[in-house]
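The file final_37.txt contains compact mmCIF, C-alpha atoms and all ligand atoms:
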```
# COMPACT_ATOMS: atom_id res chain seq x y z
CA MET A 1 182.38 239.90 -31.81
CA CYS A 2 180.67 239.87 -35.23
CA GLY A 3 184.13 240.08 -36.82
CA ASP A 4 182.72 242.04 -39.77
CA CYS A 5 185.32 244.83 -39.69
CA CYS A 6 188.11 242.25 -39.43
CA LYS A 7 186.74 240.54 -42.54
CA LEU A 8 186.12 243.68 -44.59
CA TYR A 9 189.21 245.83 -44.21
CA SER A 10 192.97 245.65 -44.53
CA VAL A 11 194.47 246.88 -41.27
CA VAL A 12 197.13 249.56 -41.60
CA ILE A 13 199.78 249.29 -38.89
CA ASN A 14 202.53 251.67 -37.88
CA PHE A 15 206.18 250.67 -37.70
CA HIS A 16 206.12 250.07 -33.94
CA GLU A 17 203.08 247.78 -34.29
CA TRP A 18 204.73 246.01 -37.23
CA LEU A 19 207.83 245.32 -35.12
CA LYS A 20 205.80 243.81 -32.30
CA ILE A 21 203.85 241.54 -34.66
CA VAL A 22 206.98 240.46 -36.53
CA LYS A 23 208.80 239.69 -33.29
CA GLN A 24 205.96 237.53 -31.99
CA TYR A 25 204.51 235.97 -35.17
CA GLY A 26 206.98 236.50 -37.99
CA VAL A 27 207.18 238.88 -40.91
CA GLU A 28 204.94 236.63 -43.00
CA GLN A 29 201.94 237.80 -40.95
CA THR A 30 202.40 241.29 -42.38
CA VAL A 31 202.35 242.84 -45.85
CA SER A 32 204.13 245.95 -47.03
CA GLY A 33 202.55 248.26 -49.55
CA LEU A 34 204.14 251.17 -51.37
CA ASP A 35 204.10 253.44 -48.36
CA ARG A 36 202.20 251.51 -45.71
CA LEU A 37 202.36 248.34 -43.67
CA PHE A 38 199.40 246.00 -43.24
CA ILE A 39 198.40 242.88 -41.37
CA LYS A 40 198.24 239.93 -43.74
CA ARG A 41 194.82 238.78 -44.82
CA SER A 42 193.85 235.12 -44.94
CA SER A 43 192.69 233.48 -48.15
CA ASP A 44 189.08 234.34 -47.27
CA GLY A 45 190.01 238.03 -47.00
CA SER A 46 189.82 238.28 -43.22
CA CYS A 47 192.59 239.46 -40.92
CA ALA A 48 195.13 236.72 -40.27
CA PHE A 49 194.57 237.17 -36.53
CA LEU A 50 190.80 236.85 -36.56
CA CYS A 51 189.80 233.78 -34.58
CA ASN A 52 186.46 232.03 -34.57
CA PHE A 53 185.98 230.58 -31.14
CA ALA A 54 182.78 229.08 -29.77
CA SER A 55 180.74 230.81 -32.50
CA ASN A 56 182.23 234.22 -31.73
CA TYR A 57 184.96 236.13 -33.49
CA LEU A 58 187.82 237.19 -31.29
CA CYS A 59 190.95 239.16 -31.96
CA GLY A 60 194.10 237.08 -31.70
CA LEU A 61 196.03 240.31 -31.17
CA GLN A 62 193.84 241.65 -28.39
CA TYR A 63 196.83 242.22 -26.12
CA MET A 64 198.68 244.16 -28.85
CA LYS A 65 195.76 245.26 -31.00
CA PRO A 66 196.69 247.91 -33.60
CA LYS A 67 195.47 251.42 -32.99
CA ALA A 68 193.36 251.34 -36.17
CA CYS A 69 191.40 248.41 -34.74
CA LYS A 70 191.03 250.04 -31.32
CA LEU A 71 189.49 253.12 -32.90
CA TRP A 72 187.06 251.32 -35.19
CA PRO A 73 184.36 252.41 -36.09
CA PHE A 74 185.36 255.97 -35.18
CA LYS A 75 187.49 258.48 -37.00
CA ILE A 76 188.73 261.27 -34.75
CA ILE A 77 190.36 264.23 -36.47
CA ASN A 78 191.12 267.86 -35.73
CA GLN A 79 189.38 269.30 -38.79
CA PRO A 80 185.75 268.75 -39.84
CA LYS A 81 186.92 267.18 -43.08
CA LEU A 82 183.87 264.96 -43.43
CA GLY A 83 181.32 267.75 -42.86
CA TYR A 84 178.64 268.10 -40.17
CA ALA A 85 181.08 270.16 -38.09
CA ARG A 86 178.55 271.05 -35.40
CA ASP A 87 177.33 267.49 -34.88
CA ALA A 88 180.82 265.99 -35.04
CA ALA A 89 182.46 268.52 -32.69
CA TYR A 90 183.97 267.09 -29.48
CA GLU A 91 185.94 269.10 -26.99
CA TYR A 92 188.71 267.41 -25.08
CA ARG A 93 190.85 269.44 -22.67
CA GLU A 94 190.48 272.58 -24.77
CA ASN A 95 191.22 270.67 -27.97
CA GLU A 96 188.51 270.91 -30.59
CA LEU A 97 188.11 267.54 -32.29
CA PHE A 98 185.64 266.04 -34.72
CA VAL A 99 184.31 262.53 -34.30
CA TYR A 100 182.82 260.53 -37.15
CA VAL A 101 181.53 256.98 -37.22
CA ASP A 102 181.71 254.50 -40.09
CA PRO A 103 178.13 253.41 -40.86
CA MET A 104 179.43 250.01 -42.01
CA CYS A 105 179.64 248.97 -38.36
CA ASN A 106 176.62 246.87 -37.44
CA GLY A 107 177.04 247.76 -33.78
CA VAL A 108 176.20 251.42 -34.31
CA ARG A 109 172.84 252.62 -33.08
CA TYR A 110 171.72 256.10 -34.09
CA GLY A 111 170.23 258.46 -31.57
CA LYS A 112 171.18 260.74 -28.73
CA PRO A 113 174.32 259.42 -27.03
CA THR A 114 174.06 258.59 -23.36
CA TRP A 115 176.09 260.57 -20.81
CA GLU A 116 178.19 257.46 -20.20
CA PHE A 117 178.98 257.09 -23.87
CA SER A 118 179.81 260.77 -24.48
CA ASN A 119 181.87 261.31 -21.35
CA SER A 120 183.45 257.98 -20.72
CA THR A 121 183.45 255.59 -23.68
CA LEU A 122 183.99 258.19 -26.38
CA ARG A 123 186.56 259.89 -24.19
CA GLU A 124 188.57 256.67 -24.22
CA PHE A 125 188.42 256.52 -28.03
CA VAL A 126 189.60 260.14 -28.15
CA GLU A 127 192.48 259.48 -25.75
CA ILE A 128 193.59 256.47 -27.79
CA ALA A 129 193.40 258.54 -30.99
CA MET A 130 195.48 261.28 -29.39
CA GLY A 131 198.06 258.80 -28.10
CA ILE A 132 197.31 259.68 -24.46
CA ARG A 133 196.34 256.13 -23.58
CA ASP A 134 196.93 252.71 -25.05
CA SER A 135 194.85 250.32 -22.99
CA GLN A 136 191.17 249.75 -23.57
CA ALA A 137 188.66 249.43 -20.76
CA LYS A 138 185.35 250.49 -22.27
CA THR A 139 186.00 250.32 -26.00
CA THR A 140 186.40 246.58 -26.38
CA ALA A 141 184.64 243.45 -25.23
CA ASN A 142 187.70 242.70 -23.08
CA LEU A 143 187.60 239.12 -24.21
CA VAL A 144 190.91 237.61 -25.20
CA PHE A 145 191.64 234.57 -27.22
CA PRO A 146 192.64 231.91 -24.67
CA GLN A 147 196.40 231.93 -24.14
CA ARG A 148 196.78 228.23 -24.82
CA TYR A 149 195.44 228.63 -28.36
CA ARG A 150 197.66 231.54 -29.39
CA SER A 151 200.62 229.41 -30.38
CA PHE A 152 198.40 227.26 -32.56
CA ARG A 153 196.98 230.28 -34.27
CA ALA A 154 200.43 231.76 -34.82
CA SER A 155 201.56 228.59 -36.50
CA GLY A 156 198.74 228.87 -38.99
CA MET A 157 196.19 226.55 -37.43
CA LYS A 158 192.59 227.59 -38.09
CA PHE A 159 189.58 227.02 -35.90
S1 LIG A 201 194.03 242.76 -35.39
FE1 LIG A 201 192.27 241.97 -34.29
S2 LIG A 201 190.74 243.61 -34.30
FE2 LIG A 201 192.29 244.09 -35.88
S3 LIG A 201 191.41 243.23 -37.78
FE3 LIG A 201 192.77 241.67 -36.88
S4 LIG A 201 191.40 240.36 -35.63
FE4 LIG A 201 190.31 242.29 -36.07
```
Starting from the coordinates I provided, produce the structure as structure tokens.
Amino acid sequence: MCGDCCKLYSVVINFHEWLKIVKQYGVEQTVSGLDRLFIKRSSDGSCAFLCNFASNYLCGLQYMKPKACKLWPFKIINQPKLGYARDAAYEYRENELFVYVDPMCNGVRYGKPTWEFSNSTLREFVEIAMGIRDSQAKTTANLVFPQRYRSFRASGMKF
């Protein structure tokens, strides 16, 4: 709930995600680039759906959060493109994958991963990356922006 990633990066969305956002909030909440679609950024550079509520940052799209946001701060690929192949290797149902983490995330702690993290939390990230699952149980705070405020946010009201 630091909101840092939502303030720092432009979120790339796929066409299906774009359609859902447009249907609910309007096309003006998105931006199209040359070959990619993005969530609009507010004048301060943060994601248009980032909400500051009771001193915490919450995602206004929690119930339809883009895959890129669900996977942050991990990058899960099938080639060791970023090096450290041995350290990054992760086996999932006979698939050899490579998991990297963006050091820009303030929530990352370096060290030996716990069993729970390696076999449960990271597994969920991997399944989301592979398109096997959509919902998040362990990889998010599970806090949603209160329903009654969503319409205000969608109409451009800031908190
Ligand atoms: S969609 Fe949600 S998680 Fe993604 S950048 Fe916007 S506020 Fe953050």
Please write out, as JSON, where the centre of an axis-aligned box around all listed atoms of ligand LIG 201 (chain A) lies and how long its edges are, in Å to one decimal, after adding 8 Å on each side.
```
{"center_x": 192.2, "center_y": 242.2, "center_z": -36.0, "size_x": 19.7, "size_y": 19.7, "size_z": 19.5}
```
- Message: Can you pull out every residue with an atom within 10 Å of ligand LIG 201 (chain A)? Use all atoms listed in the file and format it as JSON, numbers by chain.
- Response: {"A": [1, 2, 3, 4, 5, 6, 7, 8, 9, 10, 11, 12, 13, 21, 39, 40, 41, 46, 47, 48, 49, 50, 51, 52, 57, 58, 59, 60, 61, 62, 63, 64, 65, 66, 67, 68, 69, 70, 71, 72, 140]}
- Task: Figure out the distance between atom CA of A:Phe125 and atom CA of A:Ala89, please, to one decimal in Å.
- Result: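 Atom-to-atom, atom CA of A:Ala89 to atom CA of A:Phe125, that is 14.2 Å.
Separating atom CA of A:Val101 from atom CA of A:Leu82 is a distance of 10.4 Å.
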- May I ask for the distance between atom CA of A:Gln136 and atom CA of A:Glu124, given in Å to one decimal place? 7.4 Å
- Task: Between A:Phe38, A:Trp18, A:Phe98, A:Tyr92, single out the one closest to A:Phe74, counting all atoms listed in the file.
- Result: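 Result for the nearest residue to A:Phe74: A:Phe98.
When all atoms listed in the file are used to compute distances to A:Gly107, the closest of the residues A:Pro73, A:Gly45, A:Ala88, A:Lys20 turns out to be A:Pro73.
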- Task: Counting only C-alpha atoms, find the residues whose atoms lie at most 9 Å from (185.7, 264.7, -29.8) (file coordinates) and write them out as an MDAnalysis selection string.
- Result: chainID A and resid 76:78 88:92 95:100 118 122:123 125:126
